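Next comes final.txt, a file with compact mmCIF, C-alpha atoms and all ligand atoms.
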# COMPACT_ATOMS: atom_id res chain seq x y z
CA MET A 13 8.57 -11.42 27.10
CA SER A 14 4.87 -12.08 26.57
CA SER A 15 3.12 -10.95 23.43
CA ARG A 16 1.15 -8.51 25.58
CA GLU A 17 4.37 -6.99 26.90
CA LEU A 18 5.78 -6.87 23.40
CA HIS A 19 2.64 -5.15 22.19
CA ASP A 20 2.84 -2.61 25.01
CA PHE A 21 6.49 -2.00 24.31
CA LEU A 22 5.88 -1.32 20.65
CA ARG A 23 2.87 0.83 21.48
CA GLU A 24 5.06 2.90 23.76
CA SER A 25 7.75 3.09 21.13
CA THR A 26 5.34 4.53 18.57
CA ASP A 27 2.99 6.52 20.81
CA SER A 28 5.41 8.67 22.67
CA GLY A 29 5.81 11.31 19.96
CA PRO A 30 3.56 14.25 19.24
CA SER A 31 -0.14 13.48 19.28
CA CYS A 32 -2.43 13.72 16.30
CA ALA A 33 -4.29 16.64 17.77
CA THR A 34 -1.12 18.73 17.91
CA ALA A 35 -0.35 21.02 15.01
CA HIS A 36 3.03 20.44 13.38
CA SER A 37 5.06 22.06 10.71
CA ALA A 38 5.57 20.20 7.44
CA GLY A 39 9.17 19.57 8.42
CA ASP A 40 8.22 17.80 11.62
CA VAL A 41 6.55 14.65 10.46
CA GLY A 42 7.64 12.23 13.12
CA SER A 43 10.71 11.23 11.17
CA SER A 44 13.11 12.62 13.77
CA VAL A 45 16.05 10.48 14.74
CA PRO A 46 14.66 9.90 18.29
CA ALA A 47 11.37 8.63 16.82
CA LEU A 48 13.24 6.27 14.54
CA GLN A 49 15.52 5.22 17.37
CA ARG A 50 12.43 4.13 19.29
CA LEU A 51 11.24 2.12 16.30
CA ARG A 52 14.68 0.54 15.94
CA ALA A 53 14.79 -0.24 19.65
CA GLY A 54 11.40 -1.92 19.35
CA LEU A 55 12.67 -4.20 16.60
CA ILE A 56 15.87 -5.07 18.44
CA HIS A 57 13.90 -5.88 21.57
CA ALA A 58 11.40 -7.92 19.57
CA MET A 59 14.20 -10.05 18.17
CA GLY A 60 15.37 -10.81 21.67
CA LEU A 61 18.69 -9.07 21.17
CA ALA A 62 18.49 -6.99 24.34
CA PRO A 63 20.16 -8.81 27.24
CA SER A 64 17.22 -8.32 29.60
CA LEU A 65 14.69 -10.03 27.38
CA ALA A 66 13.85 -13.69 27.33
CA LEU A 67 12.33 -13.77 23.88
CA ALA A 68 15.41 -15.28 22.30
CA ALA A 69 15.05 -18.31 24.52
CA ALA A 70 11.36 -18.54 23.66
CA LEU A 71 12.24 -18.62 19.98
CA GLY A 72 14.91 -21.25 20.45
CA ALA A 73 18.64 -20.77 20.47
CA CYS A 74 20.65 -21.07 17.29
CA VAL A 75 22.86 -23.75 18.72
CA GLY A 76 20.09 -26.29 18.26
CA GLY A 77 19.67 -25.66 14.55
CA ASP A 78 21.45 -26.64 11.38
CA LYS A 79 24.40 -24.26 11.23
CA GLY A 80 25.08 -24.35 7.54
CA ALA A 81 28.46 -23.29 6.26
CA VAL A 82 29.34 -20.29 8.44
CA ASP A 83 32.56 -20.51 10.39
CA ASP A 84 33.83 -16.98 10.63
CA GLU A 85 32.34 -13.53 10.48
CA ASP A 86 34.82 -12.54 7.82
CA GLU A 87 33.31 -15.12 5.51
CA VAL A 88 29.92 -13.43 5.66
CA PRO A 89 30.11 -10.15 3.78
CA TRP A 90 27.83 -7.29 4.61
CA GLY A 91 26.71 -7.37 1.04
CA GLY A 92 27.44 -8.77 -2.36
CA ASP A 93 30.52 -7.91 -4.34
CA ASP A 94 29.54 -7.87 -7.98
CA THR A 95 32.51 -6.03 -9.36
CA GLY A 96 33.36 -9.08 -11.40
CA GLU A 97 30.80 -7.99 -13.98
CA LEU A 98 32.50 -4.70 -14.64
CA ALA A 99 35.09 -6.20 -16.95
CA ARG A 100 32.41 -7.51 -19.28
CA VAL A 101 32.03 -5.74 -22.60
CA CYS A 102 28.48 -4.66 -23.17
CA GLY A 103 26.74 -5.87 -26.28
CA ASP A 104 24.45 -3.97 -28.64
CA VAL A 105 21.20 -3.15 -26.95
CA THR A 106 18.41 -0.67 -27.46
CA GLU A 107 19.33 2.85 -26.47
CA LEU A 108 17.16 4.45 -23.84
CA GLU A 109 15.73 7.06 -26.20
CA GLU A 110 14.71 4.36 -28.70
CA ALA A 111 13.08 2.35 -25.93
CA VAL A 112 11.11 5.41 -24.89
CA GLU A 113 9.91 5.96 -28.46
CA ALA A 114 8.92 2.30 -28.71
CA GLY A 115 7.17 2.43 -25.33
CA SER A 116 9.24 -0.51 -24.16
CA VAL A 117 11.04 0.93 -21.13
CA GLY A 118 10.68 -1.53 -18.30
CA GLU A 119 10.56 -4.54 -20.60
CA GLY A 120 14.21 -5.48 -20.70
CA GLU A 121 17.76 -4.25 -21.17
CA VAL A 122 18.58 -0.80 -22.46
CA LEU A 123 21.73 1.31 -22.84
CA VAL A 124 21.66 4.27 -20.45
CA CYS A 125 24.28 7.01 -20.76
CA ILE A 126 25.28 9.88 -18.52
CA ASP A 127 27.82 12.67 -18.94
CA LEU A 128 31.50 11.97 -18.47
CA PRO A 129 32.84 13.09 -15.06
CA SER A 130 33.65 16.81 -15.25
CA ASP A 131 36.98 16.29 -13.48
CA GLY A 132 38.27 13.94 -16.17
CA ALA A 133 38.05 10.88 -13.94
CA ASP A 134 37.11 7.45 -15.25
CA CYS A 135 33.45 6.50 -15.55
CA PRO A 136 32.20 5.23 -12.18
CA PRO A 137 31.51 1.48 -11.86
CA TRP A 138 27.76 1.75 -11.41
CA PRO A 139 26.29 5.22 -10.72
CA GLU A 140 22.83 3.95 -9.90
CA ASP A 141 21.36 7.23 -8.66
CA ALA A 142 22.58 9.09 -11.74
CA LEU A 143 21.20 6.36 -14.02
CA ARG A 144 17.85 6.48 -12.25
CA GLU A 145 17.77 10.27 -12.67
CA GLN A 146 18.55 9.85 -16.36
CA LEU A 147 15.73 7.36 -16.71
CA TRP A 148 13.42 9.77 -14.97
CA GLU A 149 14.49 12.64 -17.23
CA VAL A 150 14.20 10.74 -20.50
CA ALA A 151 11.41 8.27 -19.81
CA GLY A 152 9.40 10.21 -17.22
CA ALA A 153 7.82 8.67 -14.17
CA PRO A 154 6.37 5.16 -14.63
CA ALA A 155 3.32 5.71 -12.41
CA THR A 156 2.28 6.99 -9.04
CA ASP A 157 4.33 5.40 -6.28
CA CYS A 158 6.46 3.56 -8.85
CA VAL A 159 10.02 4.21 -9.95
CA TRP A 160 12.39 2.87 -12.56
CA HIS A 161 14.95 0.52 -11.09
CA PRO A 162 18.09 0.05 -13.21
CA ASP A 163 19.43 -3.42 -12.48
CA LYS A 164 23.05 -3.68 -13.52
CA VAL A 165 23.88 -5.88 -16.50
CA CYS A 166 27.28 -4.45 -17.43
CA GLY A 167 29.26 -1.29 -17.89
CA PRO A 168 30.78 1.16 -18.24
CA GLU A 169 30.78 0.41 -21.94
CA THR A 170 34.38 0.55 -23.10
CA GLY A 171 33.47 1.15 -26.76
CA ILE A 172 31.84 4.54 -26.09
CA GLN A 173 34.24 7.41 -25.38
CA ASP A 174 32.04 10.52 -25.16
CA ALA A 175 29.76 9.38 -22.34
CA CYS A 176 29.53 6.88 -19.52
CA CYS A 177 27.18 4.18 -20.77
CA TYR A 178 25.82 1.13 -19.04
CA VAL A 179 23.48 -1.71 -19.92
CA ALA A 180 20.69 -1.91 -17.41
CA ASP A 181 17.75 -4.22 -17.03
CA ILE A 182 14.99 -1.72 -16.37
CA LEU A 183 12.42 -2.82 -13.84
CA VAL A 184 9.45 -0.97 -12.44
CA GLU A 185 9.45 -0.94 -8.66
CA CYS A 186 6.26 0.16 -6.99
CA TRP A 187 6.06 1.12 -3.37
CA SER A 188 3.17 -0.57 -1.64
CA GLU A 189 2.05 0.72 1.72
CA GLY A 190 2.46 -2.02 4.26
CA ARG A 191 2.98 -5.65 3.42
CA PRO A 192 2.44 -6.17 -0.31
CA PHE A 193 0.86 -9.26 -1.84
CA THR A 194 3.66 -10.00 -4.27
CA VAL A 195 3.19 -12.43 -7.13
CA ASP A 196 6.00 -12.91 -9.67
CA GLY A 197 7.75 -9.85 -8.30
CA GLU A 198 4.77 -7.52 -8.62
CA ALA A 199 2.50 -6.21 -5.89
CA ARG A 200 -1.02 -7.41 -6.63
CA THR A 201 -4.16 -5.64 -5.42
CA ALA A 202 -7.86 -5.94 -6.13
CA CYS A 203 -9.62 -3.36 -8.27
CA LEU A 204 -11.56 -0.53 -6.68
CA VAL A 205 -15.33 -0.99 -6.93
CA ASP A 206 -18.32 1.11 -5.94
CA GLY A 207 -20.32 0.43 -2.81
CA SER A 208 -18.81 -1.78 -0.21
CA SER A 209 -19.28 -3.43 3.11
CA TRP A 210 -15.55 -2.85 3.64
CA SER A 211 -16.06 0.83 4.45
CA SER A 212 -16.04 1.63 8.17
CA ALA A 213 -18.55 4.36 8.90
CA MET A 214 -16.86 7.50 10.23
CA GLY A 215 -19.06 10.24 8.78
CA THR A 216 -18.53 12.20 5.58
CA LEU A 217 -17.17 15.73 5.52
CA PRO A 218 -19.82 18.39 4.77
CA THR A 219 -18.02 19.81 1.74
CA LEU A 220 -16.05 18.27 -1.12
CA THR A 221 -12.82 20.03 -2.10
CA ASP A 222 -10.15 19.27 -4.69
CA VAL A 223 -7.70 18.50 -1.90
CA GLN A 224 -10.13 15.97 -0.42
CA VAL A 225 -10.55 14.31 -3.80
CA ARG A 226 -6.79 13.93 -4.20
CA ALA A 227 -6.43 12.70 -0.65
CA ALA A 228 -9.24 10.19 -1.22
CA GLU A 229 -7.39 8.84 -4.27
CA GLY A 230 -4.31 8.26 -2.11
CA TRP A 231 -6.35 6.64 0.61
CA ALA A 232 -8.05 4.38 -1.95
CA GLU A 233 -4.62 3.12 -3.04
CA ALA A 234 -3.70 2.63 0.61
CA ALA A 235 -6.95 0.79 1.29
CA LEU A 236 -6.36 -1.61 -1.59
CA ALA A 237 -2.83 -2.20 -0.32
CA GLU A 238 -4.17 -2.94 3.17
CA HIS A 239 -6.69 -5.33 1.65
CA ALA A 240 -3.90 -7.08 -0.25
CA SER A 241 -1.94 -7.36 2.99
CA VAL A 242 -4.65 -9.67 4.31
CA ALA A 243 -3.85 -12.10 1.51
CA SER A 244 -0.14 -11.63 2.06
CA PHE A 245 -0.44 -12.65 5.70
CA GLY A 246 -2.77 -15.50 4.75
CA ARG A 247 -0.03 -16.84 2.51
CA PHE A 248 2.58 -16.17 5.18
CA VAL A 249 0.65 -18.36 7.64
CA LEU A 250 0.79 -21.23 5.15
CA GLU A 251 4.47 -20.60 4.46
CA LEU A 252 5.29 -20.59 8.16
CA MET A 253 3.63 -23.95 8.54
CA ALA A 254 5.39 -25.26 5.46
CA VAL A 255 8.81 -24.44 6.95
CA GLY A 256 7.97 -25.75 10.43
CA ALA A 257 7.88 -22.40 12.23
CA PRO A 258 7.00 -22.28 15.94
CA PRO A 259 3.41 -21.52 17.01
CA GLU A 260 4.28 -18.03 18.30
CA LEU A 261 5.10 -16.94 14.78
CA VAL A 262 2.03 -18.58 13.24
CA ALA A 263 -0.20 -16.96 15.87
CA GLY A 264 1.45 -13.60 15.25
CA ALA A 265 0.73 -13.89 11.54
CA THR A 266 -2.94 -14.73 12.11
CA ARG A 267 -3.29 -11.71 14.42
CA ALA A 268 -1.62 -9.55 11.80
CA MET A 269 -4.09 -10.80 9.19
CA ALA A 270 -6.96 -9.62 11.39
CA ASP A 271 -5.18 -6.26 11.84
CA GLU A 272 -4.97 -5.83 8.08
CA ILE A 273 -8.70 -6.46 7.69
CA ALA A 274 -9.27 -3.67 10.22
CA HIS A 275 -6.80 -1.39 8.41
CA ALA A 276 -8.52 -1.98 5.07
CA ARG A 277 -11.96 -1.23 6.51
CA LEU A 278 -10.69 1.92 8.20
CA ALA A 279 -8.88 3.10 5.07
CA PHE A 280 -11.98 2.55 2.92
CA GLY A 281 -13.89 4.45 5.61
CA VAL A 282 -11.52 7.37 5.15
CA VAL A 283 -12.12 7.25 1.38
CA GLU A 284 -15.85 7.55 2.02
CA ARG A 285 -15.34 10.32 4.58
CA LEU A 286 -13.31 12.39 2.13
CA SER A 287 -15.19 11.70 -1.09
CA GLY A 288 -18.70 10.86 0.06
CA GLN A 289 -18.49 7.65 -1.95
CA ALA A 290 -18.43 4.16 -0.49
CA ARG A 291 -15.72 2.21 -2.27
CA GLY A 292 -14.21 -1.17 -1.69
CA PRO A 293 -12.13 -3.98 -3.16
CA GLY A 294 -13.27 -6.22 -5.97
CA ALA A 295 -12.08 -9.80 -6.30
CA LEU A 296 -8.39 -10.36 -5.64
CA PRO A 297 -6.89 -12.63 -8.30
CA LEU A 298 -4.91 -15.48 -6.74
CA ALA A 299 -3.51 -17.15 -9.86
CA GLY A 300 0.13 -18.06 -9.31
CA ALA A 301 0.11 -16.71 -5.75
CA LEU A 302 0.82 -19.98 -4.00
CA PRO A 303 4.09 -21.68 -4.93
CA GLU A 304 4.06 -25.42 -5.38
CA HIS A 305 7.18 -25.79 -3.28
CA VAL A 306 7.97 -23.54 -0.33
CA THR A 307 11.60 -23.21 0.72
CA LEU A 308 12.97 -21.51 3.81
CA ARG A 309 15.11 -19.31 1.57
CA ASP A 310 12.13 -18.07 -0.42
CA VAL A 311 10.16 -17.27 2.73
CA VAL A 312 13.16 -15.47 4.21
CA MET A 313 13.74 -13.32 1.14
CA GLY A 314 10.04 -12.57 0.76
CA THR A 315 9.69 -11.63 4.43
CA LEU A 316 12.80 -9.50 4.26
CA ALA A 317 11.34 -7.31 1.52
CA GLU A 318 7.69 -7.39 2.48
CA GLY A 319 7.93 -7.39 6.26
CA CYS A 320 11.33 -6.26 7.50
CA VAL A 321 11.54 -3.40 5.00
CA ASN A 322 8.02 -2.52 3.85
CA GLU A 323 6.24 -2.85 7.16
CA THR A 324 8.99 -1.02 9.03
CA LEU A 325 8.68 1.85 6.61
CA ALA A 326 4.87 1.64 6.75
CA ALA A 327 5.01 1.98 10.53
CA ALA A 328 7.23 5.05 10.28
CA GLU A 329 5.10 6.56 7.51
CA ALA A 330 1.87 6.11 9.45
CA ARG A 331 3.52 7.56 12.52
CA ALA A 332 4.78 10.54 10.52
CA ALA A 333 1.42 11.06 8.81
CA ALA A 334 -0.37 10.96 12.16
CA SER A 335 1.91 13.67 13.46
CA VAL A 336 0.82 16.14 10.77
CA CYS A 337 -2.76 14.95 10.25
CA GLN A 338 -5.49 17.36 11.31
CA ASP A 339 -8.71 15.46 10.71
CA PRO A 340 -10.16 14.12 13.99
CA GLN A 341 -11.43 10.91 12.38
CA ILE A 342 -8.39 10.17 10.22
CA CYS A 343 -5.66 10.80 12.81
CA PRO A 344 -6.68 7.88 15.08
CA VAL A 345 -6.71 5.59 12.02
CA LEU A 346 -3.09 6.47 11.32
CA GLU A 347 -2.12 6.07 14.96
CA ARG A 348 -3.62 2.58 15.04
CA ILE A 349 -1.94 1.63 11.77
CA ALA A 350 1.41 2.91 13.09
CA VAL A 351 1.18 0.70 16.18
CA ASP A 352 0.05 -2.38 14.25
CA GLU A 353 2.59 -2.01 11.46
CA ALA A 354 5.39 -1.72 14.02
CA GLU A 355 4.17 -4.98 15.48
CA HIS A 356 4.03 -6.58 12.02
CA SER A 357 7.55 -5.37 11.36
CA ALA A 358 8.69 -6.90 14.64
CA LEU A 359 7.03 -10.18 13.64
CA ALA A 360 8.95 -10.19 10.37
CA TRP A 361 12.26 -9.59 12.17
CA ARG A 362 11.47 -12.31 14.72
CA PHE A 363 10.77 -14.70 11.87
CA LEU A 364 14.03 -13.67 10.23
CA ARG A 365 15.93 -14.43 13.41
CA TRP A 366 14.30 -17.83 13.77
CA ALA A 367 14.81 -18.71 10.09
CA LEU A 368 18.48 -17.69 10.02
CA CYS A 369 19.06 -19.77 13.11
CA GLN A 370 17.71 -22.73 11.13
CA ASP A 371 19.97 -22.00 8.17
CA PRO A 372 22.82 -19.54 8.88
CA SER A 373 24.06 -19.93 5.33
CA LEU A 374 21.27 -17.49 4.42
CA ILE A 375 22.84 -14.71 6.51
CA ALA A 376 25.16 -13.71 3.67
CA GLU A 377 22.30 -13.67 1.18
CA VAL A 378 20.22 -11.40 3.38
CA GLY A 379 23.17 -9.02 3.79
CA ALA A 380 23.80 -9.03 0.05
CA TRP A 381 20.15 -8.27 -0.67
CA LEU A 382 20.14 -5.31 1.69
CA THR A 383 23.32 -3.92 0.17
CA ALA A 384 22.09 -4.38 -3.37
CA HIS A 385 18.68 -2.84 -2.81
CA GLY A 386 19.27 0.12 -0.50
CA ALA A 387 16.42 2.25 0.73
CA PRO A 388 13.11 1.86 -1.13
CA THR A 389 12.94 4.42 -3.90
CA ILE A 390 9.77 6.44 -3.79
CA ASN A 391 8.29 8.61 -6.50
CA LYS A 392 9.07 12.22 -5.63
CA ALA A 393 6.99 13.75 -8.39
CA ASP A 394 4.32 16.34 -7.81
CA PRO A 395 4.70 17.16 -4.13
CA ASP A 396 1.30 18.03 -2.68
CA PRO A 397 1.82 19.17 0.93
CA ALA A 398 -1.86 20.10 1.24
CA LEU A 399 -2.73 16.41 1.59
CA ALA A 400 -0.88 16.10 4.90
CA ALA A 401 -3.89 17.47 6.79
CA PHE A 402 -5.78 14.36 5.63
CA GLY A 403 -2.94 12.00 6.50
CA ARG A 404 -1.22 11.70 3.13
CA LEU A 405 2.50 12.51 2.97
CA ASP A 406 3.89 13.82 -0.30
CA GLY A 407 6.59 12.07 -2.32
CA PRO A 408 9.65 14.07 -1.24
CA THR A 409 8.68 13.72 2.42
CA ARG A 410 8.17 9.98 2.05
CA ALA A 411 11.40 9.56 0.10
CA GLY A 412 13.32 11.35 2.85
CA LEU A 413 11.63 9.25 5.47
CA ALA A 414 12.51 6.06 3.59
CA GLU A 415 16.18 7.07 3.60
CA SER A 416 16.05 7.81 7.33
CA VAL A 417 14.29 4.56 8.19
CA TRP A 418 16.78 2.65 6.11
CA SER A 419 19.77 4.27 7.82
CA HIS A 420 18.46 4.60 11.35
CA VAL A 421 16.25 1.53 11.73
CA ILE A 422 16.62 -1.23 9.14
CA LEU A 423 20.40 -1.39 8.71
CA PRO A 424 21.14 -1.10 12.45
CA ALA A 425 18.51 -3.74 13.23
CA TRP A 426 20.10 -6.04 10.67
CA ASP A 427 23.58 -5.28 11.96
CA ALA A 428 22.52 -6.18 15.51
CA LEU A 429 20.81 -9.37 14.39
CA ARG A 430 23.66 -10.44 12.14
CA HIS A 431 26.29 -10.03 14.84
CA ASP A 432 24.12 -11.86 17.34
CA LEU A 433 23.53 -14.73 14.94
CA LEU A 434 27.19 -15.06 14.03
CA ALA A 435 28.17 -15.04 17.69
CA GLU A 436 25.69 -17.80 18.40
CA VAL A 437 26.93 -19.81 15.45
CA ARG A 438 30.53 -19.46 16.61
CA ASP A 439 29.58 -20.40 20.18
CA GLY A 440 27.72 -23.44 18.90
CA ALA A 441 30.64 -24.50 16.72
CA SER A 442 33.18 -24.15 19.55
CA ALA A 443 30.93 -26.09 21.94
CA ALA A 444 30.51 -28.96 19.47
FE FE B 1 -1.71 -2.60 7.42
FE FE B 2 0.99 -4.73 8.17

Could you express the structure from this file as structure tokens?
Ligand SMILES: [Fe+2]
Ligand SMILES: [Fe+2]
Amino acid sequence: MSSRELHDFLRESTDSGPSCATAHSAGDVGSSVPALQRLRAGLIHAMGLAPSLALAAALGACVGGDKGAVDDEDEVPWGGDDTGELARVCGDVTELEEAVEAGSVGEGEVLVCIDLPSDGADCPPWPEDALREQLWEVAGAPATDCVWHPDKVCGPETGIQDACCYVADILVECWSEGRPFTVDGEARTACLVDGSSWSSAMGTLPTLTDVQVRAAEGWAEAALAEHASVASFGRFVLELMAVGAPPELVAGATRAMADEIAHARLAFGVVERLSGQARGPGALPLAGALPEHVTLRDVVMGTLAEGCVNETLAAAEARAAASVCQDPQICPVLERIAVDEAEHSALAWRFLRWALCQDPSLIAEVGAWLTAHGAPTINKADPDPALAAFGRLDGPTRAGLAESVWSHVILPAWDALRHDLLAEVRDGASAA
């Protein structure tokens, strides 16, 4: 399959839904199962998993690579099994309420408690959703597009009888639209500055409303994220070369970098259209962004989060936003971003396939990561459906879409890839 054919396929898979010019209800935001099935099909085709495609051969068969220590599917769990920690007795740590008073939530371990089960059952092993809700209730929301993530340390605490208590390492997870530029676990963006050559001219709206101002704020965040994606792909090109990736993947990453420049310019253009102010990115700090040593594992895990998950969700979000957008200049921007992000997602999955062929021992780690993380958690606070007309989805809509994409696209794509990889590994082992 040529890159042109792949591009056309993905375009078809993301263009065949309702057009931007069509009015839609708030409940119909392009997140229907058929729309997601098309996105999933695009990824599975892009990885060469469909029998009729020749892309797998173009990427190289697994049987030529280093197989690592995978002999049987049963030895590769879908995800990690961390129940071994549950027997540990939790130590004294700061209680959540004290951490809130001290302003230290997100800086380490805290004790988080929820009510005992009403039916008299034992405390559950790790009720992550309930703990996250408790964090939200007691500590509030960390920031726009960010959520508290309770990473399990231990629990339930056996020394506390009147509640179910757990020690959690509280992290702040921020959703970044598209491929984030992650440094030390945090998405890094430039600062927003006045006046910019990054703003694509698309004409300003004649009036300025409160809704436009709020939409412009969202688009400014998106524009900075798109700008950061340029750096992320720049680093990815270097990483691909460092791990000896084939030229198709390197070329795909350089094309994606150019796409992200276009996305950033368009998004800053939307900011100007809505607010009447030309804004753009300041300098992007690069300190610590380039690791001294690049390993295949690190590139795989980074691509998994930033490309396979984030860009897949970004493609679905842009597609959904385009389906409810009503501004004639903004809708085409979203449609273009939806097509490009689907292609970037496909690139990430193709890289994953190639990389896991090189080292199948990473298959288990990828599965464990997916199981441990689940769907990206998105801030549901302050729903603002009025922004949809300008291409901004509100938190509850995006959170629901993230769950759907996770269930209907990402996990099935991984399942298909994993089974294909394991079959190839087994075939290679039996032929040896
Ligand atoms: Fe983008
Ligand atoms: Fe992208």

For Thr219 in chain A, which residue among A:Pro293, A:Gly288, A:Gly167, A:Gly319 is the nearest when counting all atoms listed in the file?
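The answer is A:Gly288, which sits nearest to Thr219 in chain A.
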
Determine, using only C-alpha atoms and all ligand atoms, which residues of chain A have any atom at most 12 Å from an atom of ligand FE 1 (chain B), and tabulate each with its shortest atom pair and distance in Å to one decimal place, rows ordered by chain and then rising number, as a tab-separated table.
residue	atom	partner	partner_atom	distance
A:Ser188	CA	B:FE1	FE	10.5
A:Glu189	CA	B:FE1	FE	7.6
A:Gly190	CA	B:FE1	FE	5.3
A:Arg191	CA	B:FE1	FE	6.9
A:Pro192	CA	B:FE1	FE	9.5
A:Phe193	CA	B:FE1	FE	11.7
A:Ala234	CA	B:FE1	FE	8.8
A:Ala235	CA	B:FE1	FE	8.7
A:Leu236	CA	B:FE1	FE	10.2
A:Ala237	CA	B:FE1	FE	7.8
A:Glu238	CA	B:FE1	FE	4.9
A:His239	CA	B:FE1	FE	8.1
A:Ala240	CA	B:FE1	FE	9.1
A:Ser241	CA	B:FE1	FE	6.5
A:Val242	CA	B:FE1	FE	8.3
A:Ala243	CA	B:FE1	FE	11.4
A:Ser244	CA	B:FE1	FE	10.6
A:Phe245	CA	B:FE1	FE	10.3
A:Arg267	CA	B:FE1	FE	11.6
A:Ala268	CA	B:FE1	FE	8.2
A:Met269	CA	B:FE1	FE	8.7
A:Ala270	CA	B:FE1	FE	9.6
A:Asp271	CA	B:FE1	FE	6.7
A:Glu272	CA	B:FE1	FE	4.6
A:Ile273	CA	B:FE1	FE	8.0
A:Ala274	CA	B:FE1	FE	8.1
A:His275	CA	B:FE1	FE	5.3
A:Ala276	CA	B:FE1	FE	7.2
A:Arg277	CA	B:FE1	FE	10.4
A:Leu278	CA	B:FE1	FE	10.1
A:Ala279	CA	B:FE1	FE	9.5
A:Glu318	CA	B:FE1	FE	11.6
A:Gly319	CA	B:FE1	FE	10.8
A:Asn322	CA	B:FE1	FE	10.4
A:Glu323	CA	B:FE1	FE	8.0
A:Thr324	CA	B:FE1	FE	10.9
A:Leu325	CA	B:FE1	FE	11.3
A:Ala326	CA	B:FE1	FE	7.9
A:Ala327	CA	B:FE1	FE	8.7
A:Glu329	CA	B:FE1	FE	11.4
A:Ala330	CA	B:FE1	FE	9.6
A:Val345	CA	B:FE1	FE	10.6
A:Leu346	CA	B:FE1	FE	10.0
A:Glu347	CA	B:FE1	FE	11.5
A:Arg348	CA	B:FE1	FE	9.4
A:Ile349	CA	B:FE1	FE	6.1
A:Ala350	CA	B:FE1	FE	8.5
A:Val351	CA	B:FE1	FE	9.8
A:Asp352	CA	B:FE1	FE	7.1
A:Glu353	CA	B:FE1	FE	5.9
A:Ala354	CA	B:FE1	FE	9.7
A:Glu355	CA	B:FE1	FE	10.3
A:His356	CA	B:FE1	FE	8.4
A:Ser357	CA	B:FE1	FE	10.4

Min atom-atom distance to ligand FE 2 (chain B) from the set A:Gly379, A:Gly132, A:Pro424, A:Gly264, counting only C-alpha atoms and all ligand atoms, belongs to A:Gly264

Identify, on the basis of all atoms listed in the file, every residue whose closest approach to range 250-260 of chain A does not exceed 7 Å; exclude the query and any residue fewer than 5 positions from it along the same chain; express the result as a JSON list (two decimals) with C-alpha atoms, in the coordinates of the input.
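Just written: part-v4.json:
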[["chain", "number", "residue", "atom", "x", "y", "z"],
["A", 306, "VAL", "CA", 7.97, -23.54, -0.33],
["A", 307, "THR", "CA", 11.60, -23.21, 0.72],
["A", 308, "LEU", "CA", 12.97, -21.51, 3.81],
["A", 311, "VAL", "CA", 10.16, -17.27, 2.73]]

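Shown here are all protein and nucleic acid residues lying within 9 Å of (31.3, 4.6, -18.5), with all atoms listed in the file considered: Cys125, Ile126, Asp127, Leu128, Asp134, Cys135, Pro136, Pro137, Trp138, Gly167, Pro168, Glu169, Thr170, Ile172, Gln173, Asp174, Ala175, Cys176, Cys177 and Tyr178 of chain A.
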
Glu415 in chain A environment, 9 Å, all atoms listed in the file, sequence neighbours closer than 5 positions dropped, as a PDB file with C-alpha atoms, keeping the file's coordinate frame:
ATOM      1  CA  GLY A 386      19.270   0.120  -0.500  1.00  0.00           C
ATOM      2  CA  ALA A 387      16.420   2.250   0.730  1.00  0.00           C
ATOM      3  CA  PRO A 388      13.110   1.860  -1.130  1.00  0.00           C
ATOM      4  CA  THR A 389      12.940   4.420  -3.900  1.00  0.00           C
ATOM      5  CA  ARG A 410       8.170   9.980   2.050  1.00  0.00           C
ATOM      6  CA  HIS A 420      18.460   4.600  11.350  1.00  0.00           C
TER       7      HIS A 420
END

Which residue is closest to Ala295 in chain A? Choose from A:Met313, A:Asp196, A:Ala202, A:Leu48 and count all atoms listed in the file.
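For Ala295 in chain A, the nearest of the candidates is A:Ala202.
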
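Distances here use only C-alpha atoms and all ligand atoms; by that measure, the residue among A:Gly60, A:Gly246, A:Gly412, A:Pro129 closest to ligand FE 2 (chain B) is A:Gly246.
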
Kindly provide, as an MDAnalysis selection string, the polymer residues lying within 6 Å of (20.9, 2.7, -17.0), counting all atoms listed in the file and using the coordinates exactly as they appear in the file.
chainID A and resid 124 143 162 178:180

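Closest approach to ligand FE 2 (chain B) among A:Ala232, A:Val122, A:Ala265, A:Asp222 is made by A:Ala265 (distances from all atoms listed in the file).
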
What is the distance, in Å and to one decimal place, between CA of Leu123 in chain A and CA of Gly152 in chain A?
16.2 Å

Figure out the distance between CA of Ala443 in chain A and CA of Ala376 in chain A, please, to one decimal in Å.
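Result for CA of Ala376 in chain A versus CA of Ala443 in chain A: 22.8 Å, one decimal.
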
So how many Å separate CA of Lys164 in chain A and CA of Ala380 in chain A, to one decimal?
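Spanning CA of Lys164 in chain A to CA of Ala380 in chain A is a straight-line distance of 14.6 Å.
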
Can you work out which one of A:Gly281, A:Val165, A:Leu364, A:Val225 has the shortest atom-to-atom distance to Ser209 in chain A, counting all atoms listed in the file?
A:Gly281

Excluding range 112-120 of chain A and its own-chain neighbours fewer than 3 positions away, which residues fall within 12 Å of it when counting all atoms listed in the file? Please give them as an NGL selection string.
:A and (105-109 or 123-124 or 147-155 or 158-165 or 179-185)
